[in-house]
$ cat entry-v1.cif   # mmCIF, C-alpha atoms
data_coords
#
loop_
_atom_site.group_PDB
_atom_site.id
_atom_site.type_symbol
_atom_site.label_atom_id
_atom_site.label_comp_id
_atom_site.auth_asym_id
_atom_site.auth_seq_id
_atom_site.Cartn_x
_atom_site.Cartn_y
_atom_site.Cartn_z
ATOM 1 C CA MET A 1 42.732 93.165 96.476
ATOM 2 C CA GLU A 2 45.796 94.965 97.723
ATOM 3 C CA TRP A 3 44.090 95.645 101.048
ATOM 4 C CA LEU A 4 43.749 91.905 101.708
ATOM 5 C CA ALA A 5 47.482 91.368 101.269
ATOM 6 C CA ASN A 6 48.263 94.342 103.549
ATOM 7 C CA THR A 7 45.779 93.152 106.155
ATOM 8 C CA GLN A 8 47.197 89.662 105.962
ATOM 9 C CA LYS A 9 50.746 90.938 106.535
ATOM 10 C CA LYS A 10 49.704 93.035 109.534
ATOM 11 C CA LEU A 11 47.781 90.124 111.020
ATOM 12 C CA GLN A 12 50.770 87.842 110.444
ATOM 13 C CA ARG A 13 53.021 90.223 112.377
ATOM 14 C CA LEU A 14 50.547 90.530 115.245
ATOM 15 C CA THR A 15 49.972 86.783 115.384
ATOM 16 C CA TYR A 16 53.707 86.101 115.310
ATOM 17 C CA PHE A 17 54.314 88.563 118.165
ATOM 18 C CA VAL A 18 51.563 86.996 120.277
ATOM 19 C CA SER A 19 52.894 83.506 119.543
ATOM 20 C CA ALA A 20 56.397 84.649 120.538
ATOM 21 C CA VAL A 21 54.987 85.656 123.919
ATOM 22 C CA SER A 22 53.384 82.222 124.022
ATOM 23 C CA MET A 23 56.671 80.490 123.233
ATOM 24 C CA PHE A 24 58.562 82.343 125.950
ATOM 25 C CA THR A 25 56.162 81.097 128.619
ATOM 26 C CA LEU A 26 57.669 77.666 128.093
ATOM 27 C CA ILE A 27 60.948 78.788 129.707
ATOM 28 C CA PRO A 28 59.464 79.622 133.138
ATOM 29 C CA ILE A 29 57.394 76.432 133.004
ATOM 30 C CA MET A 30 60.557 74.372 132.478
ATOM 31 C CA LEU A 31 62.528 76.243 135.133
ATOM 32 C CA LEU A 32 59.772 76.055 137.750
ATOM 33 C CA THR A 33 59.117 72.373 137.102
ATOM 34 C CA SER A 34 62.828 71.534 137.221
ATOM 35 C CA PHE A 35 63.353 73.522 140.407
ATOM 36 C CA ASP A 36 60.323 71.849 141.964
ATOM 37 C CA ALA A 37 61.611 68.379 141.034
ATOM 38 C CA VAL A 38 65.073 69.125 142.469
ATOM 39 C CA SER A 39 63.590 70.660 145.609
ATOM 40 C CA ARG A 40 61.278 67.694 146.083
ATOM 41 C CA THR A 41 64.099 65.172 145.552
ATOM 42 C CA ILE A 42 66.905 66.817 147.526
ATOM 43 C CA PHE A 43 65.045 68.656 150.290
ATOM 44 C CA GLY A 44 61.883 66.589 150.382
ATOM 45 C CA LYS A 45 59.751 69.721 150.010
ATOM 46 C CA PRO A 46 57.879 70.734 146.885
ATOM 47 C CA VAL A 47 57.674 74.398 145.925
ATOM 48 C CA PRO A 48 54.143 75.596 146.737
ATOM 49 C CA GLY A 49 52.074 76.735 143.765
ATOM 50 C CA VAL A 50 54.289 75.374 140.985
ATOM 51 C CA MET A 51 51.518 73.243 139.517
ATOM 52 C CA GLU A 52 49.127 76.183 139.678
ATOM 53 C CA ALA A 53 51.542 78.636 138.054
ATOM 54 C CA SER A 54 52.510 76.071 135.404
ATOM 55 C CA SER A 55 48.881 75.449 134.510
ATOM 56 C CA TYR A 56 48.252 79.178 134.051
ATOM 57 C CA MET A 57 51.333 79.532 131.870
ATOM 58 C CA LEU A 58 50.286 76.468 129.883
ATOM 59 C CA VAL A 59 46.924 78.139 129.227
ATOM 60 C CA MET A 60 48.816 81.190 127.937
ATOM 61 C CA MET A 61 51.004 79.057 125.729
ATOM 62 C CA ILE A 62 48.112 77.171 124.131
ATOM 63 C CA LEU A 63 45.607 79.996 123.667
ATOM 64 C CA LEU A 64 48.132 82.500 122.350
ATOM 65 C CA GLY A 65 49.569 79.948 119.916
ATOM 66 C CA LEU A 66 46.296 78.917 118.237
ATOM 67 C CA ALA A 67 46.224 81.699 115.639
ATOM 68 C CA TYR A 68 49.848 81.174 114.639
ATOM 69 C CA THR A 69 49.207 77.464 114.200
ATOM 70 C CA GLN A 70 46.335 78.322 111.846
ATOM 71 C CA GLN A 71 48.504 80.846 110.034
ATOM 72 C CA VAL A 72 51.160 78.237 109.220
ATOM 73 C CA LYS A 73 48.439 75.637 108.510
ATOM 74 C CA GLY A 74 49.589 73.480 111.395
ATOM 75 C CA HIS A 75 46.130 72.268 112.385
ATOM 76 C CA PRO A 76 45.114 68.811 111.152
ATOM 77 C CA ARG A 77 43.425 68.798 107.749
ATOM 78 C CA VAL A 78 41.769 66.095 105.708
ATOM 79 C CA THR A 79 43.819 66.466 102.559
ATOM 80 C CA ILE A 80 43.212 62.925 101.327
ATOM 81 C CA LEU A 81 39.619 63.795 100.456
ATOM 82 C CA ALA A 82 40.250 67.387 99.369
ATOM 83 C CA SER A 83 43.065 66.462 96.971
ATOM 84 C CA ARG A 84 40.753 64.112 95.052
ATOM 85 C CA LEU A 85 37.955 66.638 94.568
ATOM 86 C CA HIS A 86 37.385 68.750 91.491
ATOM 87 C CA PRO A 87 39.074 72.171 91.984
ATOM 88 C CA ARG A 88 35.725 74.012 92.088
ATOM 89 C CA LEU A 89 34.316 71.612 94.641
ATOM 90 C CA SER A 90 37.543 71.791 96.630
ATOM 91 C CA ILE A 91 37.270 75.581 96.840
ATOM 92 C CA PHE A 92 33.603 75.286 97.819
ATOM 93 C CA VAL A 93 34.468 72.814 100.604
ATOM 94 C CA GLU A 94 37.256 75.127 101.793
ATOM 95 C CA ILE A 95 34.811 78.050 101.942
ATOM 96 C CA VAL A 96 32.255 75.996 103.883
ATOM 97 C CA VAL A 97 34.916 74.760 106.319
ATOM 98 C CA ASN A 98 36.168 78.312 106.885
ATOM 99 C CA LEU A 99 32.607 79.516 107.504
ATOM 100 C CA LEU A 100 32.035 76.713 110.017
ATOM 101 C CA CYS A 101 35.329 77.513 111.749
ATOM 102 C CA LEU A 102 34.377 81.197 111.866
ATOM 103 C CA GLY A 103 31.041 80.315 113.442
ATOM 104 C CA ILE A 104 32.522 78.008 116.075
ATOM 105 C CA THR A 105 35.359 80.406 116.863
ATOM 106 C CA GLY A 106 32.893 83.295 117.080
ATOM 107 C CA ILE A 107 30.871 81.375 119.664
ATOM 108 C CA ILE A 108 34.050 80.609 121.642
ATOM 109 C CA VAL A 109 35.096 84.280 121.579
ATOM 110 C CA TYR A 110 31.670 85.486 122.675
ATOM 111 C CA GLN A 111 31.238 82.913 125.430
ATOM 112 C CA GLY A 112 34.820 83.427 126.590
ATOM 113 C CA TRP A 113 34.137 87.150 126.858
ATOM 114 C CA VAL A 114 30.893 86.589 128.780
ATOM 115 C CA VAL A 115 32.513 84.183 131.252
ATOM 116 C CA ALA A 116 35.613 86.338 131.725
ATOM 117 C CA ARG A 117 33.570 89.503 132.332
ATOM 118 C CA SER A 118 31.267 87.779 134.810
ATOM 119 C CA ASP A 119 34.158 86.716 137.056
ATOM 120 C CA VAL A 120 36.099 89.998 137.258
ATOM 121 C CA GLY A 121 37.981 90.004 140.550
ATOM 122 C CA LYS A 122 35.839 87.251 142.089
ATOM 123 C CA ILE A 123 37.823 84.078 141.515
ATOM 124 C CA VAL A 124 41.422 83.564 142.615
ATOM 125 C CA SER A 125 43.643 80.494 142.579
ATOM 126 C CA ASP A 126 43.830 78.268 145.653
ATOM 127 C CA VAL A 127 47.510 78.416 146.622
ATOM 128 C CA LEU A 128 48.976 81.560 145.064
ATOM 129 C CA ARG A 129 45.761 83.620 145.179
ATOM 130 C CA ILE A 130 46.273 84.738 141.554
ATOM 131 C CA PRO A 131 43.175 86.332 140.005
ATOM 132 C CA GLN A 132 41.828 84.194 137.164
ATOM 133 C CA TYR A 133 40.385 87.134 135.212
ATOM 134 C CA PRO A 134 43.495 87.882 133.086
ATOM 135 C CA PHE A 135 43.846 84.233 132.138
ATOM 136 C CA ARG A 136 40.161 83.931 131.306
ATOM 137 C CA MET A 137 40.518 86.966 129.017
ATOM 138 C CA LEU A 138 43.018 84.951 126.985
ATOM 139 C CA VAL A 139 40.131 82.882 125.596
ATOM 140 C CA PRO A 140 38.532 85.818 123.717
ATOM 141 C CA LEU A 141 41.957 87.253 122.844
ATOM 142 C CA GLY A 142 43.382 84.034 121.398
ATOM 143 C CA GLY A 143 40.019 83.144 119.890
ATOM 144 C CA GLY A 144 39.712 86.599 118.333
ATOM 145 C CA LEU A 145 43.072 86.245 116.631
ATOM 146 C CA LEU A 146 42.102 82.782 115.442
ATOM 147 C CA PHE A 147 38.815 84.222 114.131
ATOM 148 C CA LEU A 148 40.746 86.853 112.155
ATOM 149 C CA GLU A 149 43.029 84.163 110.712
ATOM 150 C CA PHE A 150 40.006 82.154 109.566
ATOM 151 C CA LEU A 151 38.468 85.319 108.103
ATOM 152 C CA VAL A 152 41.632 86.108 106.128
ATOM 153 C CA ASP A 153 41.746 82.488 104.924
ATOM 154 C CA LEU A 154 38.123 82.738 103.826
ATOM 155 C CA LEU A 155 38.724 85.992 101.946
ATOM 156 C CA ALA A 156 41.844 84.542 100.289
ATOM 157 C CA THR A 157 39.868 81.467 99.200
ATOM 158 C CA VAL A 158 37.085 83.619 97.759
ATOM 159 C CA GLN A 159 39.689 85.720 95.961
ATOM 160 C CA LYS A 160 41.282 82.534 94.578
ATOM 161 C CA HIS A 161 37.852 81.398 93.356
ATOM 162 C CA ARG A 162 37.194 84.773 91.669
ATOM 163 C CA LYS A 163 40.535 84.634 89.859
ATOM 164 C CA ARG A 164 39.758 81.118 88.719
ATOM 165 C CA VAL A 165 36.318 82.154 87.404
ATOM 166 C CA SER A 166 37.625 85.322 85.696
ATOM 167 C CA LYS A 167 40.267 83.325 83.767
ATOM 168 C CA LYS A 168 37.556 81.328 82.035
#
$ encode --input "entry-v1.cif" --output "structure tokens"
Amino acid sequence: MEWLANTQKKLQRLTYFVSAVSMFTLIPIMLLTSFDAVSRTIFGKPVPGVMEASSYMLVMMILLGLAYTQQVKGHPRVTILASRLHPRLSIFVEIVVNLLCLGITGIIVYQGWVVARSDVGKIVSDVLRIPQYPFRMLVPLGGGLLFLEFLVDLLATVQKHRKRVSKK
């Protein structure tokens, strides 16, 4: 299964790049929020649209970081139960969980795509008049990367199960 290892490495690079973009959105959020707080305190005037821009950047940060969090196994897991199971049952539970995650993520990607495509150019933000379409497209993009991470995890688990069976 050399192709799985190669695919996993390529996906890791892509996911890391996308998460790096996600991480760098934190800098403008901090700068805008700080500038807004100083402006509000010293001059008595808030900067218009800071909350709006920060919320859009926060959406970027969260959605583009989901796949990387899955890659490094940063999502919460119930290891107390899984560690006490028989190894075969543990692998079976892991496969079922990955299949469920694939199904849920697939629905999110599809619905995110449908909603994003239905609002092309129609909806803009209130203060800054920023189109929401690019930010709505982050749902299928981030979800698609998360889907691929779950798929690679599923394939790796199945491969682990096959190795375990072939040793016996």
$ atom_distance --input "entry-v1.cif" --atom1 "CA of Leu4 (chain A)" --atom2 "CA of Cys101 (chain A)"
19.5 Å
$ resolve_selection --input "entry-v1.cif" --expression "the PyMOL selection byres ((chain A and resi 124-139) around 7)" --output "NGL selection string"
:A and (49 or 56 or 60 or 63 or 109 or 112-113 or 116 or 119-123 or 140-143)
$ resolve_selection --input "entry-v1.cif" --expression "the PyMOL selection byres ((chain A and resi 65-80) around 8)" --output "PyMOL selection string"
chain A and resi 12+15-16+18-19+22-23+61-64+81-84+142-143+145-147+149-150
$ atom_distance --input "entry-v1.cif" --atom1 "CA of Lys10 (chain A)" --atom2 "CA of Arg164 (chain A)"
26.0 Å
$ closest_residue --input "entry-v1.cif" --among "A:Ile42, A:Glu2, A:Met51, A:Thr157" --to "Leu99 (chain A)" --atoms "all atoms listed in the file"
A:Thr157
$ atom_distance --input "entry-v1.cif" --atom1 "CA of Val38 (chain A)" --atom2 "CA of Ala20 (chain A)"
28.2 Å
$ axis_aligned_box --input "entry-v1.cif" --around "region 20-38 of chain A" --padding-each-side "6 Å" --output "JSON"
{"center_x": 59.2, "center_y": 77.0, "center_z": 131.5, "size_x": 23.7, "size_y": 29.3, "size_z": 33.9}
$ closest_residue --input "entry-v1.cif" --among "A:Arg40, A:Lys45, A:Arg88, A:Arg117" --to "His161 (chain A)" --atoms "only C-alpha atoms"
A:Arg88
$ closest_residue --input "entry-v1.cif" --among "A:Val97, A:Ile91, A:Ile29, A:Val115" --to "Arg162 (chain A)" --atoms "only C-alpha atoms"
A:Ile91
$ closest_residue --input "entry-v1.cif" --among "A:Thr25, A:Thr33, A:Asn98, A:Ser39" --to "Ala156 (chain A)" --atoms "all atoms listed in the file"
A:Asn98
$ decode --input "entry-v1.cif" --residues "region 76-119 of chain A" --atoms "N, CA and C atoms" --output "PDB file, in the first residue's frame"
ATOM      1  N   PRO A  76     -11.375  15.735  20.220  1.00  0.00           N
ATOM      2  CA  PRO A  76     -11.625  14.879  21.393  1.00  0.00           C
ATOM      3  C   PRO A  76     -11.959  13.444  20.992  1.00  0.00           C
ATOM      4  N   ARG A  77     -11.419  12.497  21.741  1.00  0.00           N
ATOM      5  CA  ARG A  77     -11.677  11.082  21.498  1.00  0.00           C
ATOM      6  C   ARG A  77     -12.003  10.403  22.823  1.00  0.00           C
ATOM      7  N   VAL A  78     -12.774   9.355  22.743  1.00  0.00           N
ATOM      8  CA  VAL A  78     -13.106   8.594  23.945  1.00  0.00           C
ATOM      9  C   VAL A  78     -12.130   7.431  24.024  1.00  0.00           C
ATOM     10  N   THR A  79     -10.970   7.693  24.577  1.00  0.00           N
ATOM     11  CA  THR A  79      -9.942   6.660  24.654  1.00  0.00           C
ATOM     12  C   THR A  79     -10.111   5.761  25.870  1.00  0.00           C
ATOM     13  N   ILE A  80     -10.857   6.210  26.849  1.00  0.00           N
ATOM     14  CA  ILE A  80     -11.066   5.383  28.049  1.00  0.00           C
ATOM     15  C   ILE A  80     -11.754   4.084  27.659  1.00  0.00           C
ATOM     16  N   LEU A  81     -12.783   4.178  26.837  1.00  0.00           N
ATOM     17  CA  LEU A  81     -13.513   2.996  26.392  1.00  0.00           C
ATOM     18  C   LEU A  81     -12.690   2.197  25.378  1.00  0.00           C
ATOM     19  N   ALA A  82     -12.122   2.882  24.405  1.00  0.00           N
ATOM     20  CA  ALA A  82     -11.399   2.201  23.329  1.00  0.00           C
ATOM     21  C   ALA A  82     -10.171   1.452  23.837  1.00  0.00           C
ATOM     22  N   SER A  83      -9.503   1.975  24.847  1.00  0.00           N
ATOM     23  CA  SER A  83      -8.295   1.313  25.355  1.00  0.00           C
ATOM     24  C   SER A  83      -8.613   0.012  26.088  1.00  0.00           C
ATOM     25  N   ARG A  84      -9.845  -0.157  26.523  1.00  0.00           N
ATOM     26  CA  ARG A  84     -10.224  -1.364  27.269  1.00  0.00           C
ATOM     27  C   ARG A  84     -10.824  -2.448  26.372  1.00  0.00           C
ATOM     28  N   LEU A  85     -11.031  -2.130  25.113  1.00  0.00           N
ATOM     29  CA  LEU A  85     -11.628  -3.098  24.193  1.00  0.00           C
ATOM     30  C   LEU A  85     -10.578  -4.064  23.667  1.00  0.00           C
ATOM     31  N   HIS A  86     -11.043  -5.203  23.221  1.00  0.00           N
ATOM     32  CA  HIS A  86     -10.191  -6.168  22.531  1.00  0.00           C
ATOM     33  C   HIS A  86      -9.670  -5.492  21.259  1.00  0.00           C
ATOM     34  N   PRO A  87      -8.428  -5.749  20.843  1.00  0.00           N
ATOM     35  CA  PRO A  87      -7.874  -5.074  19.661  1.00  0.00           C
ATOM     36  C   PRO A  87      -8.742  -5.184  18.400  1.00  0.00           C
ATOM     37  N   ARG A  88      -9.338  -6.357  18.168  1.00  0.00           N
ATOM     38  CA  ARG A  88     -10.206  -6.505  16.991  1.00  0.00           C
ATOM     39  C   ARG A  88     -11.436  -5.613  17.092  1.00  0.00           C
ATOM     40  N   LEU A  89     -12.030  -5.595  18.263  1.00  0.00           N
ATOM     41  CA  LEU A  89     -13.214  -4.769  18.476  1.00  0.00           C
ATOM     42  C   LEU A  89     -12.848  -3.286  18.407  1.00  0.00           C
ATOM     43  N   SER A  90     -11.689  -2.949  18.911  1.00  0.00           N
ATOM     44  CA  SER A  90     -11.211  -1.567  18.858  1.00  0.00           C
ATOM     45  C   SER A  90     -11.054  -1.096  17.412  1.00  0.00           C
ATOM     46  N   ILE A  91     -10.494  -1.948  16.569  1.00  0.00           N
ATOM     47  CA  ILE A  91     -10.342  -1.601  15.153  1.00  0.00           C
ATOM     48  C   ILE A  91     -11.705  -1.484  14.490  1.00  0.00           C
ATOM     49  N   PHE A  92     -12.625  -2.390  14.835  1.00  0.00           N
ATOM     50  CA  PHE A  92     -13.976  -2.330  14.284  1.00  0.00           C
ATOM     51  C   PHE A  92     -14.664  -1.019  14.677  1.00  0.00           C
ATOM     52  N   VAL A  93     -14.551  -0.637  15.945  1.00  0.00           N
ATOM     53  CA  VAL A  93     -15.154   0.618  16.415  1.00  0.00           C
ATOM     54  C   VAL A  93     -14.527   1.807  15.689  1.00  0.00           C
ATOM     55  N   GLU A  94     -13.219   1.766  15.489  1.00  0.00           N
ATOM     56  CA  GLU A  94     -12.529   2.850  14.782  1.00  0.00           C
ATOM     57  C   GLU A  94     -13.021   2.957  13.340  1.00  0.00           C
ATOM     58  N   ILE A  95     -13.246   1.827  12.697  1.00  0.00           N
ATOM     59  CA  ILE A  95     -13.767   1.829  11.323  1.00  0.00           C
ATOM     60  C   ILE A  95     -15.177   2.409  11.293  1.00  0.00           C
ATOM     61  N   VAL A  96     -16.020   1.994  12.217  1.00  0.00           N
ATOM     62  CA  VAL A  96     -17.396   2.501  12.268  1.00  0.00           C
ATOM     63  C   VAL A  96     -17.407   4.006  12.534  1.00  0.00           C
ATOM     64  N   VAL A  97     -16.575   4.458  13.460  1.00  0.00           N
ATOM     65  CA  VAL A  97     -16.506   5.892  13.767  1.00  0.00           C
ATOM     66  C   VAL A  97     -16.035   6.683  12.551  1.00  0.00           C
ATOM     67  N   ASN A  98     -15.024   6.174  11.851  1.00  0.00           N
ATOM     68  CA  ASN A  98     -14.552   6.855  10.644  1.00  0.00           C
ATOM     69  C   ASN A  98     -15.635   6.897   9.569  1.00  0.00           C
ATOM     70  N   LEU A  99     -16.381   5.818   9.415  1.00  0.00           N
ATOM     71  CA  LEU A  99     -17.478   5.811   8.438  1.00  0.00           C
ATOM     72  C   LEU A  99     -18.557   6.824   8.810  1.00  0.00           C
ATOM     73  N   LEU A 100     -18.898   6.898  10.085  1.00  0.00           N
ATOM     74  CA  LEU A 100     -19.878   7.890  10.539  1.00  0.00           C
ATOM     75  C   LEU A 100     -19.368   9.309  10.301  1.00  0.00           C
ATOM     76  N   CYS A 101     -18.111   9.545  10.613  1.00  0.00           N
ATOM     77  CA  CYS A 101     -17.518  10.873  10.391  1.00  0.00           C
ATOM     78  C   CYS A 101     -17.496  11.220   8.909  1.00  0.00           C
ATOM     79  N   LEU A 102     -17.194  10.233   8.070  1.00  0.00           N
ATOM     80  CA  LEU A 102     -17.225  10.459   6.619  1.00  0.00           C
ATOM     81  C   LEU A 102     -18.629  10.831   6.163  1.00  0.00           C
ATOM     82  N   GLY A 103     -19.631  10.131   6.678  1.00  0.00           N
ATOM     83  CA  GLY A 103     -21.005  10.429   6.299  1.00  0.00           C
ATOM     84  C   GLY A 103     -21.436  11.826   6.717  1.00  0.00           C
ATOM     85  N   ILE A 104     -21.161  12.182   7.964  1.00  0.00           N
ATOM     86  CA  ILE A 104     -21.541  13.506   8.465  1.00  0.00           C
ATOM     87  C   ILE A 104     -20.785  14.599   7.722  1.00  0.00           C
ATOM     88  N   THR A 105     -19.483  14.398   7.538  1.00  0.00           N
ATOM     89  CA  THR A 105     -18.683  15.398   6.829  1.00  0.00           C
ATOM     90  C   THR A 105     -19.120  15.509   5.375  1.00  0.00           C
ATOM     91  N   GLY A 106     -19.469  14.392   4.760  1.00  0.00           N
ATOM     92  CA  GLY A 106     -19.978  14.429   3.385  1.00  0.00           C
ATOM     93  C   GLY A 106     -21.242  15.264   3.268  1.00  0.00           C
ATOM     94  N   ILE A 107     -22.141  15.113   4.235  1.00  0.00           N
ATOM     95  CA  ILE A 107     -23.371  15.909   4.244  1.00  0.00           C
ATOM     96  C   ILE A 107     -23.035  17.395   4.407  1.00  0.00           C
ATOM     97  N   ILE A 108     -22.102  17.710   5.300  1.00  0.00           N
ATOM     98  CA  ILE A 108     -21.702  19.105   5.512  1.00  0.00           C
ATOM     99  C   ILE A 108     -21.112  19.694   4.237  1.00  0.00           C
ATOM    100  N   VAL A 109     -20.245  18.921   3.566  1.00  0.00           N
ATOM    101  CA  VAL A 109     -19.629  19.409   2.321  1.00  0.00           C
ATOM    102  C   VAL A 109     -20.698  19.659   1.267  1.00  0.00           C
ATOM    103  N   TYR A 110     -21.585  18.714   1.094  1.00  0.00           N
ATOM    104  CA  TYR A 110     -22.634  18.852   0.073  1.00  0.00           C
ATOM    105  C   TYR A 110     -23.549  20.036   0.375  1.00  0.00           C
ATOM    106  N   GLN A 111     -24.043  20.108   1.599  1.00  0.00           N
ATOM    107  CA  GLN A 111     -24.942  21.205   1.953  1.00  0.00           C
ATOM    108  C   GLN A 111     -24.222  22.551   1.922  1.00  0.00           C
ATOM    109  N   GLY A 112     -22.972  22.570   2.332  1.00  0.00           N
ATOM    110  CA  GLY A 112     -22.190  23.809   2.247  1.00  0.00           C
ATOM    111  C   GLY A 112     -22.043  24.277   0.814  1.00  0.00           C
ATOM    112  N   TRP A 113     -21.824  23.326  -0.093  1.00  0.00           N
ATOM    113  CA  TRP A 113     -21.716  23.648  -1.514  1.00  0.00           C
ATOM    114  C   TRP A 113     -23.044  24.192  -2.050  1.00  0.00           C
ATOM    115  N   VAL A 114     -24.135  23.537  -1.699  1.00  0.00           N
ATOM    116  CA  VAL A 114     -25.459  23.960  -2.169  1.00  0.00           C
ATOM    117  C   VAL A 114     -25.776  25.373  -1.684  1.00  0.00           C
ATOM    118  N   VAL A 115     -25.548  25.631  -0.404  1.00  0.00           N
ATOM    119  CA  VAL A 115     -25.842  26.957   0.155  1.00  0.00           C
ATOM    120  C   VAL A 115     -24.924  28.016  -0.450  1.00  0.00           C
ATOM    121  N   ALA A 116     -23.647  27.709  -0.574  1.00  0.00           N
ATOM    122  CA  ALA A 116     -22.705  28.688  -1.129  1.00  0.00           C
ATOM    123  C   ALA A 116     -23.041  29.014  -2.581  1.00  0.00           C
ATOM    124  N   ARG A 117     -23.393  28.010  -3.360  1.00  0.00           N
ATOM    125  CA  ARG A 117     -23.711  28.247  -4.783  1.00  0.00           C
ATOM    126  C   ARG A 117     -25.033  28.994  -4.959  1.00  0.00           C
ATOM    127  N   SER A 118     -25.946  28.846  -4.024  1.00  0.00           N
ATOM    128  CA  SER A 118     -27.241  29.505  -4.169  1.00  0.00           C
ATOM    129  C   SER A 118     -27.169  30.993  -3.856  1.00  0.00           C
ATOM    130  N   ASP A 119     -26.122  31.423  -3.155  1.00  0.00           N
ATOM    131  CA  ASP A 119     -26.021  32.822  -2.741  1.00  0.00           C
ATOM    132  C   ASP A 119     -24.950  33.601  -3.490  1.00  0.00           C
TER     133      ASP A 119
END
